[in-house]
Amino acid sequence: MSELNNLTIAEARDALRKGETSATDLTMACLTAIDAADGLNAFVHKTPTLALDQARAADARLKAGEAPAMCGIPLGIKDLFCTKGVPSQAASNILAGFKPEYESTVTAKLFDAGAVMLGKLNMDEFAMGSSNETSCYGNAVNPWRRQGSNVALTPGGSSGGSAAAVAADLCLAATGTDTGGSIRQPAAFTGITGIKPTYGRVSRWGIVAFASSLDQAGPMTKTVRDAAIMLQAMSGHDPKDSTSADLAVPDFEAALTGDIRGKKIGIPREYRMDGMPEEIEKLWADGTAMMKDAGAEIVDISLPHTKYALPAYYVVAPAEASSNLARYDGVRYGHRAKLAQGDGITEMYEKTRAEGFGHEVQRRVMIGTYVLSAGFYDAYYNRARKVRALIKRDFETVFADGIDAILTPATPSAAFGLGEMADADPVAMYLNDVFTVTVNLAGLPGVAVPAGLDAQGLPLGLQLIGRPWEEGDLLNHAYVLERAAGFVSKPGKWW
Amino acid sequence: MSIDKDTARKVAHLARIAVREEDLPALAGELSAVLAFMEQLNEVDVTGVEPMTSVTPMRLKRRVDEVTDGGIQAQVLKNAPDAREGFFAVPKVVE
């Protein structure tokens, strides 16, 4: 067997059940890899003691023969998830020192299934960013580099630490969250798989809120099969999240038949953007050909409101963020500014939030405040909600016409250099989410699958979008694409 | 819609974020750029469209209005920057 930390979830599960390895050995291998990878800045709070305690408990369950699929699997957890007694800061200084007294539903479900937490993972502050450059912990670094270059690249964002950790084999898989593309874009930038489930499939309880009508958690994994296994463990109704769906969770792994004959794959013409790099065009065409070769019917479709998705998103998401982030007031948890003589409660709020929030978070909170303020609510917020309804209707129309899945590029480019976008207009950074954000607005499931390398040797991903609640069918399409693309490249170890 | 310095000051105050006077012009510029990007939404004909309120058409679940938790004062106060005598402490609010 190769190094244990290189295993997939499915491989580790089978080896554990056969007694060929132990959860403790797996966990030790990951902890060693993590300690040797500080240069990636992926793990920002390490929890080795907790991990080894959980691993020993998992070994006992395995021995007793009552081990679910995730039992003994070492994971990284995005810093956005509240984990009891472990720092949970959403990569923000305003939550410095915060140790939750409770466990998020997702991590509780994973731990109940026997999973092991290795530590907390870097991310953009409050999940606001596409490059992991807004983190209070500093940048996470992509394990991939351009051929013949040692320029540090972004692992994408906001789940940049999760993507870097999985791509570098520091853990078998990681949790991510996706509000506008924050699972799928970093997955594409690092050559891994990431799925954002249907809104409501996974409980949001205990996950630090960014934009409540868009946020969904999902797995970031080395393979599509792993995504199916881990999503299964994360999903399900939760009375503590009123938007969580009271629907049965099907067996996602069983849906991976590899047979998509007769399925209809939509290719949306509006996703062919002006100035799209030729390599992305080619990747998309190649992916289309692979689906066709697998027996699917390719259909040219139209999603006419696509170009309005980003502007609608940048009204709705900051509006919800400004409400959600109002709770960070220096009273109940986290940072409180030192006050000057005579400062009252308003100065306490204003100084605390100015010190605690980074620049991008401040900007988005203020944009949200503005679009919700008296006189502008209808012009911006209500109009954006109407446009959102039209974007959702576009998808409903093509699904009603018999489309089973939609194939698009995952990102408009490969990973870019850290700092490369520093002087760009914020809107230029927002364009990273151009192919993914529609899916959040419509509440649909979407998965990014690694499909090739660009001329500089960097991974590129394709996205598949599925019908609501049909994650199993969507993952089966992704499985076919994964097998046809045969993406097996790994970043060369430099860290 | 372009945001001037006075509007930026007002928005910052509404958001309860202290912004230094000398930083207001740059902030106004950034906010204006993002708002200009949003102006594209005005091209869309939204006549007769109902604003989207929920992602999936399902009735919000209801539960019995009863106490389900409590008696955890110490845990609630555990992360407070300043807690005294079982309360959150803040600067004087009422004269």
# chains A, B, ... in the order shown; residues from 1 in each chain; ligands from 1
$ residues_around --residues "Ile406 (chain A)" --least-positions-apart "6" --cutoff "9 Å" --atoms "only C-alpha atoms" --output "VMD selection string"
chain A and resid 264 to 268 301 463 to 466
$ select_by_dssp --residues "region 246-290 of chain A" --states "strand (DSSP E)" --output "JSON, numbers by chain"
{"A": [264, 265, 266, 267, 268]}
$ write_last_selection --atoms "C-alpha atoms" --output "JSON list (two decimals), in the first residue's frame"
[["chain", "number", "residue", "atom", "x", "y", "z"],
["A", 264, "LYS", "CA", -29.74, 14.48, -22.21],
["A", 265, "ILE", "CA", -26.83, 16.80, -21.50],
["A", 266, "GLY", "CA", -27.50, 20.50, -22.02],
["A", 267, "ILE", "CA", -24.74, 22.80, -23.29],
["A", 268, "PRO", "CA", -25.79, 26.37, -22.44]]
$ select_by_dssp --residues "chain B" --states "helix (DSSP H, G or I)" --output "PyMOL selection string"
chain B and resi 5-14+21-43+73-77
$ write_last_selection --atoms "C-alpha atoms" --output "CSV table (one decimal), in the first residue's frame"
chain,number,residue,atom,x,y,z
B,5,LYS,CA,-18.3,61.0,0.5
B,6,ASP,CA,-21.3,62.0,2.6
B,7,THR,CA,-23.2,58.9,1.5
B,8,ALA,CA,-20.2,56.7,2.2
B,9,ARG,CA,-20.0,58.2,5.7
B,10,LYS,CA,-23.7,57.6,6.3
B,11,VAL,CA,-23.5,54.0,5.0
B,12,ALA,CA,-20.4,53.3,7.2
B,13,HIS,CA,-22.3,54.6,10.2
B,14,LEU,CA,-25.4,52.5,9.4
B,21,GLU,CA,-12.4,60.7,7.3
B,22,GLU,CA,-9.4,60.5,4.9
B,23,ASP,CA,-10.5,57.0,3.8
B,24,LEU,CA,-14.0,58.0,2.8
B,25,PRO,CA,-13.2,59.1,-0.8
B,26,ALA,CA,-11.6,55.8,-1.6
B,27,LEU,CA,-14.5,53.9,0.0
B,28,ALA,CA,-17.0,56.0,-2.0
B,29,GLY,CA,-15.1,55.1,-5.2
B,30,GLU,CA,-15.1,51.3,-4.4
B,31,LEU,CA,-18.8,51.3,-3.5
B,32,SER,CA,-19.7,53.2,-6.6
B,33,ALA,CA,-17.8,50.7,-8.8
B,34,VAL,CA,-19.7,47.8,-7.3
B,35,LEU,CA,-23.0,49.6,-7.7
B,36,ALA,CA,-22.2,50.4,-11.3
B,37,PHE,CA,-21.8,46.7,-11.9
B,38,MET,CA,-25.3,46.1,-10.4
B,39,GLU,CA,-26.8,48.7,-12.7
B,40,GLN,CA,-26.9,45.9,-15.4
B,41,LEU,CA,-30.0,44.6,-13.6
B,42,ASN,CA,-31.9,47.5,-14.9
B,43,GLU,CA,-31.8,46.0,-18.4
B,73,GLN,CA,-25.8,30.5,31.4
B,74,ALA,CA,-22.1,29.7,31.9
B,75,GLN,CA,-21.8,28.3,28.4
B,76,VAL,CA,-23.6,31.3,26.9
B,77,LEU,CA,-21.3,33.7,28.6
$ residues_around --residues "region 482-492 of chain A" --least-positions-apart "6" --cutoff "9 Å" --atoms "only C-alpha atoms" --output "ChimeraX atom specification"
/A:143-145,167-168,190-191,223-224,258,286-287,290-291,294,449-453,458-459
$ residues_around --residues "region 334-340 of chain A" --least-positions-apart "2" --cutoff "12 Å" --atoms "only C-alpha atoms" --output "VMD selection string"
(chain A and resid 87 to 90 92 to 100 327 to 332 342 to 357) or (chain B and resid 17 to 18 77 to 82 89 to 91)
$ closest_residue --among "B:Phe87, B:Val94, B:Glu50, B:Val67" --to "chain A" --atoms "only C-alpha atoms"
B:Glu50
$ atom_distance --atom1 "CA of Phe189 (chain A)" --atom2 "CA of Ala414 (chain A)"
6.0 Å
$ closest_residue --among "A:Gly262, A:Pro304, A:Gly461, A:Gly39" --to "chain B" --atoms "only C-alpha atoms"
A:Pro304
$ residues_around --residues "Asp112 (chain A)" --least-positions-apart "5" --cutoff "10 Å" --atoms "only C-alpha atoms" --output "VMD selection string"
chain A and resid 68 70 to 71 106 to 107 233
$ write_last_selection --atoms "N, CA and C atoms" --output "compact mmCIF listing (two decimals), in the first residue's frame"
# COMPACT_ATOMS: atom_id res chain seq x y z
N PRO A 68 -19.75 2.58 10.12
CA PRO A 68 -20.26 3.19 8.89
C PRO A 68 -19.10 3.55 7.95
N MET A 70 -17.77 6.23 6.85
CA MET A 70 -16.82 7.28 7.19
C MET A 70 -16.00 6.96 8.46
N CYS A 71 -16.21 5.79 9.03
CA CYS A 71 -15.57 5.46 10.30
C CYS A 71 -14.04 5.37 10.13
N VAL A 106 -23.28 19.35 10.72
CA VAL A 106 -22.48 18.58 9.76
C VAL A 106 -21.34 17.85 10.47
N THR A 107 -20.58 18.58 11.32
CA THR A 107 -19.46 17.90 11.98
C THR A 107 -19.98 16.86 12.96
N ALA A 233 -23.03 11.09 4.33
CA ALA A 233 -22.88 11.24 5.78
C ALA A 233 -23.23 12.66 6.25
$ closest_residue --among "A:Ala374, A:Ala428, A:Leu31, A:Val315" --to "chain B" --atoms "only C-alpha atoms"
A:Val315
$ atom_distance --atom1 "CA of Gln216 (chain A)" --atom2 "CA of Ile183 (chain A)"
9.4 Å
$ residues_around --residues "Val49 (chain B)" --least-positions-apart "6" --cutoff "10 Å" --atoms "only C-alpha atoms" --output "PyMOL selection string"
chain A and resi 383+385-390
$ write_last_selection --atoms "N, CA and C atoms" --output "short mmCIF file (atom, residue, chain, number, x, y, z; two decimals), in the first residue's frame"
data_model
loop_
_atom_site.label_atom_id
_atom_site.label_comp_id
_atom_site.auth_asym_id
_atom_site.auth_seq_id
_atom_site.Cartn_x
_atom_site.Cartn_y
_atom_site.Cartn_z
N ARG A 383 -35.36 44.15 -6.95
CA ARG A 383 -35.10 43.87 -8.36
C ARG A 383 -34.20 42.64 -8.50
N ARG A 385 -33.97 40.15 -6.46
CA ARG A 385 -34.74 38.94 -6.14
C ARG A 385 -35.63 38.54 -7.30
N LYS A 386 -36.12 39.53 -8.05
CA LYS A 386 -36.94 39.21 -9.23
C LYS A 386 -36.07 38.59 -10.33
N VAL A 387 -34.89 39.16 -10.52
CA VAL A 387 -33.98 38.60 -11.53
C VAL A 387 -33.59 37.18 -11.12
N ARG A 388 -33.42 36.97 -9.82
CA ARG A 388 -33.10 35.64 -9.33
C ARG A 388 -34.20 34.64 -9.70
N ALA A 389 -35.44 35.09 -9.57
CA ALA A 389 -36.57 34.22 -9.93
C ALA A 389 -36.50 33.85 -11.42
N LEU A 390 -36.05 34.81 -12.25
CA LEU A 390 -35.95 34.54 -13.70
C LEU A 390 -34.82 33.56 -13.99
#
$ residues_around --residues "Asp215 (chain A)" --least-positions-apart "3" --cutoff "6 Å" --atoms "only C-alpha atoms" --output "PyMOL selection string"
chain A and resi 178-179+211-212
$ closest_residue --among "A:Ala384, A:Ala227, A:Leu460, A:Leu118" --to "chain B" --atoms "only C-alpha atoms"
A:Ala384
$ closest_residue --among "A:Phe399, A:Phe416, A:Tyr479, A:Tyr370" --to "chain B" --atoms "only C-alpha atoms"
A:Tyr370
